[in-house]
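**Student:** Quick one: this structure, given as C-alpha cells, is what I'll be asking you about.
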Amino acid sequence: MAKVVIFSGAGISAESGLSTFRDSDGLWEKYRIEEICTHGCLNWNRENTLTFYDARREQLSSVTPNAAHYAIAKLQEQYPSDIALITQNVDDLFERAGCKDVLHLHGFLPRLRCEVCGKTHLIGYTKQERDFTCKSCHGSLRPDIVFFGEAAPMYEHLYEAMEECQFLVIIGSSGNVIAMDHFALHVKVSILNNLEKSEAINERVYTKVIYKKATEAVDEIVLDVERFLQL
Ligand code: APR
Ligand code: ZN
C-alpha cells in the first residue's frame, strides 16, 4: 500500500476550466442537487438529469489537464508504489495527464452504468443515446456517477488506503462531503491546498496549509513528498 495519498476535489480541475461545486460560480449555484444529483432523480427527472451529465461529459472534450495534474503524474511515475491517487472528481484529467490507477470515489463521467446488472460502458465525451441499452442484459443505462443518498462503494478503498498512509495531501476539496480532517490527525505529515478557507475544514490539524491555486502550490507539494520519500 502507498505511503502517500493525494486526495483531490473539484479545485484541482478548476484551472482546466471545470466548475467546482461550492465556489461562488459553482455548479450548485446554478443547479439544484435534488433535481440532478440525488437518489431517485432518474425516476422523476430523468431527461434533465441525463442532459446535465451529457453537457458535463461533452465539456471534457474541450478542456485539458493543468500543471497540477501533470506534476502529480510525474511524481507518481517516479514513485509508482508509494503514491495513491484518490479523487472525488469524475473528470478524466488525471488519466489524460498520464496518471495510473486513479481511484474515483464518486464515479466517472465518460462511463455509463447499467441500472439492472451494473455493467459499465465507456462512451467517452459523447451524449448518452437514450435508446442505448446494456450490452449484457439490455437494461437501461445511467451516468456512472454517485448521487447523494446512493451507495459509494469506492469509499472502502479510501479507508483502506488511509490505514497505510503516512503523508496525506488534500488538493482542491472543501471537505463538505468527505471530511479528511480526522485522517490528517493520524498521519505523519499532512498538506492542505485550497484556494481559501473552508468552514468544513479545521486547518489547524494540517502540518502545512497552502491557500493558493493548485498549479502554484503543486511544486512545493511535490518537493515535500519527494523529501519525505527520500528519508
Ligand atoms: N486550486 C486549488 N483549490 C481550489 C481552486 C484552485 N484553482 N479553485 C477552487 N479550489 C478549492 C476551493 O477553495 C474549495 O475548497 O476547491 C474546493 C472546491 O470545493 P467544492 O466545490 O465543494 O468541491 P469538492 O470538495 O470536490 O466537492 C466534493 O461534492 O457535490 C459533491 O460529488 C460532488 O465530488 C463532489 C463533492
Ligand atoms: Zn445490464
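In the C-alpha cells, chains take letters A, B, ... by order of appearance, with residues numbered from 1 within each chain and ligands from 1 in the order shown.
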Please list as a tab-separated table (two decimals) with all heavy atoms, in the first residue's frame every residue within 10 Å of range 128-136 of chain A, counting only C-alpha atoms and excluding residues in the same chain fewer than 5 positions away.
**Tutor:**
```
chain	number	residue	atom	x	y	z
A	47	GLU	N	-34.84	12.97	-17.83
A	47	GLU	CA	-34.29	13.65	-19.02
A	47	GLU	C	-33.40	14.83	-18.62
A	47	GLU	O	-32.29	14.99	-19.14
A	47	GLU	CB	-35.42	14.12	-19.94
A	47	GLU	CG	-34.94	14.67	-21.28
A	47	GLU	CD	-33.91	13.77	-21.99
A	47	GLU	OE1	-33.99	12.52	-21.89
A	47	GLU	OE2	-32.98	14.32	-22.61
A	50	LEU	N	-30.07	13.35	-17.28
A	50	LEU	CA	-29.19	12.84	-18.35
A	50	LEU	C	-28.62	14.01	-19.14
A	50	LEU	O	-27.42	14.01	-19.49
A	50	LEU	CB	-29.96	11.89	-19.27
A	50	LEU	CG	-30.51	10.61	-18.61
A	50	LEU	CD1	-31.12	9.69	-19.67
A	50	LEU	CD2	-29.43	9.87	-17.82
A	51	THR	N	-29.42	15.03	-19.38
A	51	THR	CA	-28.95	16.20	-20.14
A	51	THR	C	-27.85	16.93	-19.39
A	51	THR	O	-26.85	17.35	-19.99
A	51	THR	CB	-30.14	17.15	-20.40
A	51	THR	OG1	-31.17	16.43	-21.10
A	51	THR	CG2	-29.72	18.37	-21.20
A	53	TYR	N	-25.64	15.63	-17.31
A	53	TYR	CA	-24.38	14.88	-17.38
A	53	TYR	C	-23.86	14.82	-18.82
A	53	TYR	O	-22.65	14.80	-19.05
A	53	TYR	CB	-24.52	13.49	-16.73
A	53	TYR	CG	-24.65	13.65	-15.23
A	53	TYR	CD1	-25.92	13.68	-14.63
A	53	TYR	CD2	-23.54	13.92	-14.44
A	53	TYR	CE1	-26.05	13.92	-13.26
A	53	TYR	CE2	-23.67	14.16	-13.07
A	53	TYR	CZ	-24.92	14.17	-12.51
A	53	TYR	OH	-25.05	14.44	-11.17
A	54	ASP	N	-24.77	14.83	-19.80
A	54	ASP	CA	-24.33	14.92	-21.20
A	54	ASP	C	-23.49	16.18	-21.39
A	54	ASP	O	-22.40	16.15	-21.98
A	54	ASP	CB	-25.53	14.99	-22.15
A	54	ASP	CG	-26.20	13.63	-22.37
A	54	ASP	OD1	-25.56	12.60	-22.04
A	54	ASP	OD2	-27.34	13.62	-22.84
A	57	ARG	N	-20.17	15.90	-19.66
A	57	ARG	CA	-19.31	14.93	-20.34
A	57	ARG	C	-18.76	15.57	-21.61
A	57	ARG	O	-17.58	15.51	-21.91
A	57	ARG	CB	-20.12	13.68	-20.70
A	57	ARG	CG	-19.32	12.52	-21.19
A	57	ARG	CD	-20.16	11.28	-21.43
A	57	ARG	NE	-21.00	10.91	-20.31
A	57	ARG	CZ	-22.33	11.00	-20.31
A	57	ARG	NH1	-22.97	11.48	-21.37
A	57	ARG	NH2	-23.04	10.65	-19.25
A	110	PRO	N	-17.06	9.76	-18.23
A	110	PRO	CA	-17.08	9.10	-19.57
A	110	PRO	C	-17.71	7.69	-19.55
A	110	PRO	O	-17.70	6.99	-20.56
A	110	PRO	CB	-15.59	9.01	-19.96
A	110	PRO	CG	-14.89	9.99	-19.07
A	110	PRO	CD	-15.66	9.98	-17.78
A	111	ARG	N	-18.24	7.30	-18.40
A	111	ARG	CA	-18.75	5.92	-18.26
A	111	ARG	C	-20.23	5.93	-17.90
A	111	ARG	O	-20.67	6.77	-17.11
A	111	ARG	CB	-17.96	5.26	-17.11
A	111	ARG	CG	-17.72	3.78	-17.24
A	111	ARG	CD	-16.70	3.27	-16.20
A	111	ARG	NE	-16.90	3.78	-14.87
A	111	ARG	CZ	-15.88	3.99	-14.00
A	111	ARG	NH1	-14.64	3.74	-14.37
A	111	ARG	NH2	-16.11	4.44	-12.78
A	112	LEU	N	-20.98	4.99	-18.47
A	112	LEU	CA	-22.38	4.74	-18.07
A	112	LEU	C	-22.42	3.43	-17.29
A	112	LEU	O	-21.52	2.61	-17.40
A	112	LEU	CB	-23.28	4.63	-19.30
A	112	LEU	CG	-23.33	5.83	-20.26
A	112	LEU	CD1	-24.28	5.51	-21.42
A	112	LEU	CD2	-23.75	7.09	-19.52
A	113	ARG	N	-23.48	3.26	-16.51
A	113	ARG	CA	-23.62	2.03	-15.72
A	113	ARG	C	-25.03	1.47	-15.93
A	113	ARG	O	-26.00	2.24	-15.97
A	113	ARG	CB	-23.40	2.35	-14.23
A	113	ARG	CG	-23.41	1.14	-13.32
A	113	ARG	CD	-23.08	1.52	-11.88
A	113	ARG	NE	-24.23	2.08	-11.18
A	113	ARG	CZ	-24.21	3.25	-10.55
A	113	ARG	NH1	-23.14	3.99	-10.59
A	113	ARG	NH2	-25.27	3.69	-9.91
A	114	CYS	N	-25.10	0.15	-16.10
A	114	CYS	CA	-26.42	-0.49	-16.26
A	114	CYS	C	-27.18	-0.45	-14.94
A	114	CYS	O	-26.65	-0.81	-13.89
A	114	CYS	CB	-26.23	-1.95	-16.70
A	114	CYS	SG	-27.80	-2.83	-16.82
A	115	GLU	N	-28.44	-0.02	-15.03
A	115	GLU	CA	-29.26	0.08	-13.81
A	115	GLU	C	-29.77	-1.29	-13.36
A	115	GLU	O	-30.34	-1.42	-12.28
A	115	GLU	CB	-30.45	1.02	-14.09
A	115	GLU	CG	-29.98	2.45	-14.36
A	115	GLU	CD	-31.12	3.43	-14.61
A	115	GLU	OE1	-31.65	3.40	-15.74
A	115	GLU	OE2	-31.45	4.19	-13.69
A	116	VAL	N	-29.55	-2.31	-14.21
A	116	VAL	CA	-30.02	-3.65	-13.84
A	116	VAL	C	-28.86	-4.51	-13.34
A	116	VAL	O	-28.84	-4.99	-12.21
A	116	VAL	CB	-30.69	-4.33	-15.06
A	116	VAL	CG1	-31.10	-5.76	-14.73
A	116	VAL	CG2	-31.88	-3.50	-15.52
A	117	CYS	N	-27.79	-4.62	-14.17
A	117	CYS	CA	-26.71	-5.57	-13.79
A	117	CYS	C	-25.43	-4.86	-13.35
A	117	CYS	O	-24.48	-5.49	-12.90
A	117	CYS	CB	-26.41	-6.50	-14.97
A	117	CYS	SG	-25.51	-5.69	-16.33
A	118	GLY	N	-25.39	-3.53	-13.52
A	118	GLY	CA	-24.22	-2.79	-13.03
A	118	GLY	C	-23.04	-2.74	-14.00
A	118	GLY	O	-22.05	-2.06	-13.75
A	119	LYS	N	-23.18	-3.42	-15.14
A	119	LYS	CA	-22.07	-3.41	-16.13
A	119	LYS	C	-21.83	-1.98	-16.59
A	119	LYS	O	-22.77	-1.20	-16.79
A	119	LYS	CB	-22.44	-4.26	-17.34
A	119	LYS	CG	-21.34	-4.32	-18.43
A	119	LYS	CD	-21.72	-5.24	-19.58
A	119	LYS	CE	-20.76	-5.14	-20.75
A	119	LYS	NZ	-19.35	-5.34	-20.39
A	120	THR	N	-20.54	-1.60	-16.73
A	120	THR	CA	-20.24	-0.22	-17.16
A	120	THR	C	-19.91	-0.20	-18.65
A	120	THR	O	-19.46	-1.19	-19.22
A	120	THR	CB	-19.04	0.35	-16.36
A	120	THR	OG1	-17.92	-0.51	-16.55
A	120	THR	CG2	-19.39	0.48	-14.89
A	121	HIS	N	-20.18	0.97	-19.25
A	121	HIS	CA	-19.98	1.14	-20.69
A	121	HIS	C	-19.30	2.48	-20.91
A	121	HIS	O	-19.85	3.52	-20.52
A	121	HIS	CB	-21.33	1.16	-21.42
A	121	HIS	CG	-22.14	-0.10	-21.27
A	121	HIS	ND1	-22.62	-0.54	-20.05
A	121	HIS	CD2	-22.58	-1.01	-22.18
A	121	HIS	CE1	-23.31	-1.66	-20.23
A	121	HIS	NE2	-23.29	-1.97	-21.49
A	123	ILE	N	-18.35	5.69	-22.86
A	123	ILE	CA	-18.87	6.40	-24.05
A	123	ILE	C	-18.05	7.67	-24.32
A	123	ILE	O	-18.46	8.51	-25.11
A	123	ILE	CB	-20.37	6.75	-23.90
A	123	ILE	CG1	-20.61	7.68	-22.70
A	123	ILE	CG2	-21.23	5.51	-23.81
A	123	ILE	CD1	-22.01	8.31	-22.73
A	141	LEU	N	-29.50	2.34	-19.06
A	141	LEU	CA	-28.19	2.83	-18.61
A	141	LEU	C	-28.33	4.21	-17.96
A	141	LEU	O	-29.30	4.93	-18.22
A	141	LEU	CB	-27.24	2.93	-19.81
A	141	LEU	CG	-26.92	1.59	-20.51
A	141	LEU	CD1	-26.13	1.83	-21.79
A	141	LEU	CD2	-26.14	0.68	-19.56
A	142	ARG	N	-27.37	4.54	-17.11
A	142	ARG	CA	-27.37	5.84	-16.40
A	142	ARG	C	-25.91	6.31	-16.29
A	142	ARG	O	-24.99	5.51	-16.39
A	142	ARG	CB	-27.98	5.72	-15.01
A	142	ARG	CG	-27.28	4.68	-14.13
A	142	ARG	CD	-27.61	4.85	-12.68
A	142	ARG	NE	-26.85	5.98	-12.09
A	142	ARG	CZ	-27.02	6.42	-10.84
A	142	ARG	NH1	-27.92	5.86	-10.06
A	142	ARG	NH2	-26.31	7.43	-10.38
A	143	PRO	N	-25.72	7.60	-16.01
A	143	PRO	CA	-24.35	8.06	-15.78
A	143	PRO	C	-23.73	7.28	-14.62
A	143	PRO	O	-24.42	7.01	-13.61
A	143	PRO	CB	-24.52	9.53	-15.41
A	143	PRO	CG	-25.83	9.94	-16.05
A	143	PRO	CD	-26.71	8.72	-15.96
```
**Student:** Give me, as a ChimeraX atom specification, the set of residues whose atoms come within 7 Å of any atom of ligand 1, counting only C-alpha atoms and all ligand atoms.
**Tutor:** /A:8-12,14-15,20-23,26,88-89,106,171-178,193-198,212-215
**Student:** Would you please extract all helix (DSSP H, G or I) residues from range 4-143 of chain A, as assigned by DSSP on the backbone, and give them as a VMD selection string?
**Tutor:** chain A and resid 11 to 14 27 to 30 33 to 36 41 to 44 46 to 60 67 to 78 93 to 97
**Student:** Calculate how many Å separate CA of Asp91 in chain A from CA of Leu122 in chain A, rounding to one decimal.
**Tutor:**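 Separating CA of Asp91 in chain A from CA of Leu122 in chain A is a distance of 13.0 Å.
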**Student:** Which residues, written as number ranges by chain, have at least one atom at most 12 Å from Phe183 in chain A, with only C-alpha atoms counted and residues fewer than 3 positions away on the same chain left out?
**Tutor:** A: 5, 7, 158-170, 175, 178-180, 186-191, 201-202, 205-206
**Student:** Only N, CA and C atoms, please: the residues just picked out, written as a PDB file, in the first residue's frame.
**Tutor:**
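As a result, again25.pdb now contains:
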```
ATOM      1  N   VAL A   5      -0.873   9.531   0.116  1.00  0.00           N
ATOM      2  CA  VAL A   5      -2.190   9.618  -0.537  1.00  0.00           C
ATOM      3  C   VAL A   5      -2.396  11.054  -0.995  1.00  0.00           C
ATOM      4  N   PHE A   7      -5.258  13.221  -2.231  1.00  0.00           N
ATOM      5  CA  PHE A   7      -6.724  13.229  -2.255  1.00  0.00           C
ATOM      6  C   PHE A   7      -7.164  14.547  -2.878  1.00  0.00           C
ATOM      7  N   LEU A 158     -10.816   4.010  -0.025  1.00  0.00           N
ATOM      8  CA  LEU A 158     -10.234   5.207   0.614  1.00  0.00           C
ATOM      9  C   LEU A 158      -9.823   4.860   2.037  1.00  0.00           C
ATOM     10  N   TYR A 159     -10.725   4.179   2.761  1.00  0.00           N
ATOM     11  CA  TYR A 159     -10.425   3.860   4.160  1.00  0.00           C
ATOM     12  C   TYR A 159      -9.223   2.913   4.239  1.00  0.00           C
ATOM     13  N   GLU A 160      -9.162   1.946   3.300  1.00  0.00           N
ATOM     14  CA  GLU A 160      -8.026   1.016   3.279  1.00  0.00           C
ATOM     15  C   GLU A 160      -6.724   1.787   3.041  1.00  0.00           C
ATOM     16  N   ALA A 161      -6.764   2.690   2.065  1.00  0.00           N
ATOM     17  CA  ALA A 161      -5.538   3.458   1.734  1.00  0.00           C
ATOM     18  C   ALA A 161      -5.091   4.293   2.930  1.00  0.00           C
ATOM     19  N   MET A 162      -6.058   4.847   3.671  1.00  0.00           N
ATOM     20  CA  MET A 162      -5.704   5.723   4.791  1.00  0.00           C
ATOM     21  C   MET A 162      -5.137   4.950   5.969  1.00  0.00           C
ATOM     22  N   GLU A 163      -5.351   3.631   5.995  1.00  0.00           N
ATOM     23  CA  GLU A 163      -4.757   2.834   7.082  1.00  0.00           C
ATOM     24  C   GLU A 163      -3.238   2.778   6.946  1.00  0.00           C
ATOM     25  N   GLU A 164      -2.773   2.834   5.694  1.00  0.00           N
ATOM     26  CA  GLU A 164      -1.321   2.728   5.436  1.00  0.00           C
ATOM     27  C   GLU A 164      -0.686   4.104   5.247  1.00  0.00           C
ATOM     28  N   CYS A 165      -1.500   5.099   5.048  1.00  0.00           N
ATOM     29  CA  CYS A 165      -0.979   6.421   4.651  1.00  0.00           C
ATOM     30  C   CYS A 165      -0.139   7.076   5.743  1.00  0.00           C
ATOM     31  N   GLN A 166       1.021   7.613   5.346  1.00  0.00           N
ATOM     32  CA  GLN A 166       1.858   8.365   6.301  1.00  0.00           C
ATOM     33  C   GLN A 166       1.894   9.849   5.928  1.00  0.00           C
ATOM     34  N   PHE A 167       1.610  10.140   4.646  1.00  0.00           N
ATOM     35  CA  PHE A 167       1.719  11.516   4.159  1.00  0.00           C
ATOM     36  C   PHE A 167       0.450  11.792   3.342  1.00  0.00           C
ATOM     37  N   LEU A 168      -0.387  12.689   3.848  1.00  0.00           N
ATOM     38  CA  LEU A 168      -1.669  12.973   3.185  1.00  0.00           C
ATOM     39  C   LEU A 168      -1.639  14.358   2.552  1.00  0.00           C
ATOM     40  N   VAL A 169      -1.999  14.404   1.279  1.00  0.00           N
ATOM     41  CA  VAL A 169      -2.117  15.686   0.582  1.00  0.00           C
ATOM     42  C   VAL A 169      -3.577  15.867   0.171  1.00  0.00           C
ATOM     43  N   ILE A 170      -4.142  17.013   0.501  1.00  0.00           N
ATOM     44  CA  ILE A 170      -5.516  17.351   0.075  1.00  0.00           C
ATOM     45  C   ILE A 170      -5.391  18.515  -0.899  1.00  0.00           C
ATOM     46  N   GLY A 175     -14.144  19.786   1.699  1.00  0.00           N
ATOM     47  CA  GLY A 175     -14.405  18.940   2.863  1.00  0.00           C
ATOM     48  C   GLY A 175     -15.879  18.818   3.201  1.00  0.00           C
ATOM     49  N   ILE A 178     -16.622  14.679   2.021  1.00  0.00           N
ATOM     50  CA  ILE A 178     -15.728  13.729   2.713  1.00  0.00           C
ATOM     51  C   ILE A 178     -14.821  14.534   3.648  1.00  0.00           C
ATOM     52  N   ALA A 179     -14.994  14.273   4.948  1.00  0.00           N
ATOM     53  CA  ALA A 179     -14.187  15.005   5.947  1.00  0.00           C
ATOM     54  C   ALA A 179     -12.862  14.282   6.129  1.00  0.00           C
ATOM     55  N   MET A 180     -11.805  14.919   5.710  1.00  0.00           N
ATOM     56  CA  MET A 180     -10.488  14.268   5.771  1.00  0.00           C
ATOM     57  C   MET A 180      -9.720  14.692   7.024  1.00  0.00           C
ATOM     58  N   HIS A 186      -4.004  11.395  11.898  1.00  0.00           N
ATOM     59  CA  HIS A 186      -3.356  10.093  12.113  1.00  0.00           C
ATOM     60  C   HIS A 186      -2.209   9.813  11.148  1.00  0.00           C
ATOM     61  N   VAL A 187      -1.752  10.841  10.443  1.00  0.00           N
ATOM     62  CA  VAL A 187      -0.613  10.632   9.548  1.00  0.00           C
ATOM     63  C   VAL A 187       0.573  11.460  10.058  1.00  0.00           C
ATOM     64  N   LYS A 188       1.790  11.149   9.501  1.00  0.00           N
ATOM     65  CA  LYS A 188       2.971  11.885   9.972  1.00  0.00           C
ATOM     66  C   LYS A 188       2.976  13.323   9.450  1.00  0.00           C
ATOM     67  N   VAL A 189       2.621  13.452   8.165  1.00  0.00           N
ATOM     68  CA  VAL A 189       2.625  14.780   7.525  1.00  0.00           C
ATOM     69  C   VAL A 189       1.323  14.950   6.740  1.00  0.00           C
ATOM     70  N   SER A 190       0.760  16.151   6.809  1.00  0.00           N
ATOM     71  CA  SER A 190      -0.462  16.407   6.010  1.00  0.00           C
ATOM     72  C   SER A 190      -0.383  17.816   5.435  1.00  0.00           C
ATOM     73  N   ILE A 191      -0.732  17.915   4.153  1.00  0.00           N
ATOM     74  CA  ILE A 191      -0.745  19.226   3.497  1.00  0.00           C
ATOM     75  C   ILE A 191      -2.152  19.493   2.960  1.00  0.00           C
ATOM     76  N   ILE A 201     -13.541  22.564   7.107  1.00  0.00           N
ATOM     77  CA  ILE A 201     -12.188  22.039   7.365  1.00  0.00           C
ATOM     78  C   ILE A 201     -11.575  22.764   8.561  1.00  0.00           C
ATOM     79  N   ASN A 202     -10.968  21.994   9.473  1.00  0.00           N
ATOM     80  CA  ASN A 202     -10.223  22.590  10.592  1.00  0.00           C
ATOM     81  C   ASN A 202      -8.748  22.634  10.189  1.00  0.00           C
ATOM     82  N   VAL A 205      -5.423  21.120  11.944  1.00  0.00           N
ATOM     83  CA  VAL A 205      -4.964  19.722  12.059  1.00  0.00           C
ATOM     84  C   VAL A 205      -3.942  19.366  10.973  1.00  0.00           C
ATOM     85  N   TYR A 206      -3.685  20.310  10.070  1.00  0.00           N
ATOM     86  CA  TYR A 206      -2.764  20.010   8.957  1.00  0.00           C
ATOM     87  C   TYR A 206      -1.368  20.532   9.273  1.00  0.00           C
TER      88      TYR A 206
END
```
**Student:** DSSP says strand (DSSP E) for which residues of range 80-130 of chain A? Put them as an MDAnalysis selection string?
**Tutor:** chainID A and resid 83:87 103:104 107:114 120:122
**Student:** Please identify all polymer residues within 8 Å of Val63 in chain A, counting only C-alpha atoms, omitting same-chain residues fewer than 4 positions from it, and present them as a PDB file with all heavy atoms, in the first residue's frame.
**Tutor:**
```pdb
ATOM      1  N   SER A  16      -8.413  24.039 -15.165  1.00  0.00           N
ATOM      2  CA  SER A  16      -8.595  23.467 -16.514  1.00  0.00           C
ATOM      3  C   SER A  16      -9.904  23.957 -17.112  1.00  0.00           C
ATOM      4  O   SER A  16     -10.247  23.611 -18.239  1.00  0.00           O
ATOM      5  CB  SER A  16      -8.605  21.933 -16.436  1.00  0.00           C
ATOM      6  OG  SER A  16      -7.319  21.468 -16.042  1.00  0.00           O
ATOM      7  N   GLY A  17     -10.657  24.712 -16.304  1.00  0.00           N
ATOM      8  CA  GLY A  17     -11.915  25.274 -16.820  1.00  0.00           C
ATOM      9  C   GLY A  17     -13.157  24.528 -16.390  1.00  0.00           C
ATOM     10  O   GLY A  17     -14.266  24.810 -16.866  1.00  0.00           O
ATOM     11  N   LEU A  18     -13.027  23.554 -15.476  1.00  0.00           N
ATOM     12  CA  LEU A  18     -14.213  22.832 -14.993  1.00  0.00           C
ATOM     13  C   LEU A  18     -14.694  23.483 -13.698  1.00  0.00           C
ATOM     14  O   LEU A  18     -13.890  23.716 -12.791  1.00  0.00           O
ATOM     15  CB  LEU A  18     -13.877  21.352 -14.759  1.00  0.00           C
ATOM     16  CG  LEU A  18     -13.495  20.552 -16.016  1.00  0.00           C
ATOM     17  CD1 LEU A  18     -13.204  19.090 -15.643  1.00  0.00           C
ATOM     18  CD2 LEU A  18     -14.598  20.610 -17.069  1.00  0.00           C
ATOM     19  N   GLN A  59     -18.295  18.654 -22.198  1.00  0.00           N
ATOM     20  CA  GLN A  59     -17.344  19.726 -21.862  1.00  0.00           C
ATOM     21  C   GLN A  59     -15.923  19.165 -21.699  1.00  0.00           C
ATOM     22  O   GLN A  59     -14.947  19.846 -21.992  1.00  0.00           O
ATOM     23  CB  GLN A  59     -17.785  20.431 -20.559  1.00  0.00           C
ATOM     24  CG  GLN A  59     -16.907  21.622 -20.187  1.00  0.00           C
ATOM     25  CD  GLN A  59     -17.166  22.125 -18.788  1.00  0.00           C
ATOM     26  OE1 GLN A  59     -17.722  21.395 -17.939  1.00  0.00           O
ATOM     27  NE2 GLN A  59     -16.781  23.354 -18.511  1.00  0.00           N
TER      28      GLN A  59
END
```
**Student:** Any idea what's packed within 12 Å of Asp224 in chain A, counting only C-alpha atoms, ignoring anything in its chain fewer than 2 positions away? Could you give it as a PyMOL selection string?
**Tutor:** chain A and resi 4+75+167-169+189-191+207-208+217-222+226-231
**Student:** Go ahead and save the picked residues with C-alpha atoms, as a PDB file, in the first residue's frame.
**Tutor:**
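Result went into result_16.pdb, see below:
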```pdb
ATOM      1  CA  VAL A   4       1.462   8.913   0.272  1.00  0.00           C
ATOM      2  CA  LEU A  75       5.543  12.234  -9.176  1.00  0.00           C
ATOM      3  CA  PHE A 167       1.719  11.516   4.159  1.00  0.00           C
ATOM      4  CA  LEU A 168      -1.669  12.973   3.185  1.00  0.00           C
ATOM      5  CA  VAL A 169      -2.117  15.686   0.582  1.00  0.00           C
ATOM      6  CA  VAL A 189       2.625  14.780   7.525  1.00  0.00           C
ATOM      7  CA  SER A 190      -0.462  16.407   6.010  1.00  0.00           C
ATOM      8  CA  ILE A 191      -0.745  19.226   3.497  1.00  0.00           C
ATOM      9  CA  THR A 207       1.051  20.171   9.074  1.00  0.00           C
ATOM     10  CA  LYS A 208       1.068  22.684   6.239  1.00  0.00           C
ATOM     11  CA  ALA A 217       1.167  25.111  -4.914  1.00  0.00           C
ATOM     12  CA  VAL A 218       1.926  21.804  -6.627  1.00  0.00           C
ATOM     13  CA  ASP A 219       5.701  22.234  -6.997  1.00  0.00           C
ATOM     14  CA  GLU A 220       6.095  22.880  -3.260  1.00  0.00           C
ATOM     15  CA  ILE A 221       3.873  19.886  -2.507  1.00  0.00           C
ATOM     16  CA  VAL A 222       5.886  17.635  -4.850  1.00  0.00           C
ATOM     17  CA  GLU A 226       9.946  13.723  -2.554  1.00  0.00           C
ATOM     18  CA  ARG A 227      11.868  14.756   0.569  1.00  0.00           C
ATOM     19  CA  PHE A 228       9.614  12.547   2.688  1.00  0.00           C
ATOM     20  CA  LEU A 229      10.034   9.534   0.404  1.00  0.00           C
ATOM     21  CA  GLN A 230      13.807  10.000   0.257  1.00  0.00           C
ATOM     22  CA  LEU A 231      14.162   9.958   4.062  1.00  0.00           C
TER      23      LEU A 231
END
```
**Student:** Taking 3 positions as the minimum chain separation for residues in the same chain, which residues sit within 12 Å of range 28-33 of chain A when counting only C-alpha atoms? Answer as a count of residues only.
**Tutor:** 21
**Student:** Nearest residue to ligand 2 out of A:Arg56, A:Cys137, A:Pro65, A:Ser13, using only C-alpha atoms and all ligand atoms?
**Tutor:**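 That would be A:Cys137, the residue with the smallest distance to ligand 2.
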**Student:** Pick the closest to Lys3 in chain A from A:Val90, A:Leu223, A:Ala200, A:Ile83: which is it, counting only C-alpha atoms?
**Tutor:** A:Ile83
**Student:** Just how far from CA of Leu85 in chain A is CA of Ile6 in chain A, in Å to one decimal?
**Tutor:**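 Distance between the two atoms: 5.1 Å.
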